[in-house]
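Only one structure is covered here, and it is reproduced in the block below.
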Amino acid sequence: MPSKKKPVTSRPPKSSTAKDSPYVSYDQLIQCVDALKKWTQLGDNERKSGDKKPLFADIEDSVVRLQINHKKTLLNKSTYIYGISLPNHWRHELSADYETCLIVKDLQKTPLSDRDLDLTETKNHYREVLSKAGADQLVTEVLPMRELRNEYKLYEAKERLSKAYHVFLCESQLLRNKFDYLPTFLGKSFWITNRKVPLPVDTASPSLKQDLESRLNQTQLYLSGNGDSSAVTIGICQE
């Protein structure tokens with residue numbers, strides 16, 4: 001006796017809602033950004049909410065950070081740095097106030113008897129390289145290695161240096177890996193406290209200006225095994 005087949009009923013496809021996905025949707029992200037933009041355009045009286053302290057009251061240009069929670073914690077406490085390109089970097093908002101420092105090799109392997117002349121020749125050489133590439137405006141200060149070694153030996157001096165500029169760049173030959181002399185010399189102030197490890201660039205590249213702009217348009221994500229979350233700067237709220 002032939003078996004009776006059950007009629008096949010077509011079920012409507014399950015609609016994907018925001019609750020079904022563990023990720024923030026693009027529309028929700030746009031709503032958050034729009035709300036933040038509206039807040040920055042409000043006047044002082046409109047921002048006050050009773051006796052509550054105004055948001056970002058203590059900071060003139062508040063930094064916006066994205067917090068990332070890790071599914072797995074790194075096995076060791078080494079620091080890993082990842083560059084993330086931003087389509088609209090906040091350095092364009094600061095314009096002239098955004099200061100950069102380029103750490104370079106010494107022009108003369110053997111230092112000249114005149115220390116000031118030695119440093120001036122190195123700085124002028126790299127300023128000329130930047131000028132020919134049309135990238136002179138992208139670098140605020142050129143810092144030779146000999147000046148770095150002599151003037152910033154103490155921890156306090158390195159701490160002041162790390163806070164003096166928004167971002168540091170260096171010749172790619174000086175930072176091939178974290179065990180080279182430069183990253184070892186910079187130490188805790190650049191790696192942990194202020195997280196401003198120099199970004200390597202090739203000053204001999206024919207596309208030096210594009211390479212510098214690409215580096216400056218990045219934000220750095222520092223990952224280590226010290227916790228299950230990290231934060232990366234993605235912008236500022238400039239009033």
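Ordering of the structure tokens sets the chain letters (A, B, ...); residue numbers start at 1 within each chain; ligands are numbered from 1 in the order shown.
Those residues that approach range 160-174 of chain A to within 8 Å, counting only C-alpha atoms, are Tyr98, Glu99, Thr100, Cys101, Leu102, Ile103, Val104, Lys105, Tyr152, Asp180, Tyr181, Leu182, Ser189, Phe190, Asn194, Lys196, Val197, Pro198, Leu199, Pro200, Val201, Asp202, Thr203 and Leu216 of chain A; same-chain residues fewer than 5 positions away are not listed.
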Run DSSP on the backbone and give me the residues of range 20-204 of chain A it puts in alpha helix (DSSP H), as number ranges by chain. A: 26-40, 44-47, 91-94, 115-132, 145-151, 155-164, 181-186, 188
Using Å and a single decimal, report how far CA of Leu186 in chain A sits from CA of Asn69 in chain A. 28.3 Å
Pull the strand (DSSP E) assignments for range 17-235 of chain A out of DSSP run on the backbone, and list those residues as a compact mmCIF listing (two decimals) with C-alpha atoms, in the first residue's frame.
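Resulting contents of selection_35.txt:
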# COMPACT_ATOMS: atom_id res chain seq x y z
CA ASP A 61 38.57 68.56 22.28
CA SER A 62 37.16 65.29 23.58
CA VAL A 63 38.58 62.08 22.17
CA VAL A 64 36.12 59.50 20.86
CA ARG A 65 37.24 55.91 21.38
CA LEU A 66 35.83 52.62 20.18
CA GLN A 67 35.96 49.85 22.76
CA ILE A 68 36.64 46.34 21.50
CA ASN A 69 35.94 43.24 23.60
CA TYR A 80 50.76 44.07 18.92
CA ILE A 81 50.02 47.22 16.92
CA TYR A 82 47.53 47.34 14.06
CA GLY A 83 47.05 50.36 11.81
CA ILE A 84 43.44 51.11 10.86
CA SER A 85 42.83 53.56 8.01
CA THR A 100 54.09 65.30 13.83
CA CYS A 101 57.70 64.28 14.50
CA LEU A 102 59.88 62.33 12.07
CA ILE A 103 62.80 60.39 13.60
CA VAL A 104 65.60 59.93 11.06
CA GLU A 141 59.79 68.41 13.40
CA VAL A 142 62.72 66.32 12.16
CA LEU A 143 64.52 64.53 15.01
CA PRO A 144 67.91 62.91 14.26
CA VAL A 167 52.05 61.21 16.17
CA PHE A 168 55.61 60.01 15.57
CA LEU A 169 57.08 58.73 12.32
CA CYS A 170 60.46 57.16 11.67
CA GLU A 171 62.54 55.78 8.86
CA LEU A 199 55.11 54.62 12.32
CA PRO A 200 57.77 53.51 9.80
CA VAL A 201 58.02 55.24 6.41
CA GLN A 218 45.63 55.73 10.36
CA THR A 219 44.68 55.16 13.97
CA GLN A 220 46.60 52.59 15.98
CA LEU A 221 45.01 49.67 17.81
CA TYR A 222 47.24 48.29 20.58
CA LEU A 223 46.52 44.70 21.62
CA SER A 229 39.17 44.60 26.00
CA SER A 230 40.97 47.34 24.09
CA ALA A 231 40.15 50.86 22.94
CA VAL A 232 41.11 52.66 19.77
CA THR A 233 40.76 56.38 19.04
CA ILE A 234 38.47 57.06 16.09
CA GLY A 235 37.83 60.82 16.32
Computed gap from CA of Pro183 in chain A to CA of Asp118 in chain A is 23.5 Å
Determine, counting only C-alpha atoms, which protein, DNA and RNA residues have an atom within 8 Å of an atom of Thr73 in chain A; residues of the same chain fewer than 6 positions away are not included. Present the result as a list in words. Gly225, Gly227 and Asp228 of chain A
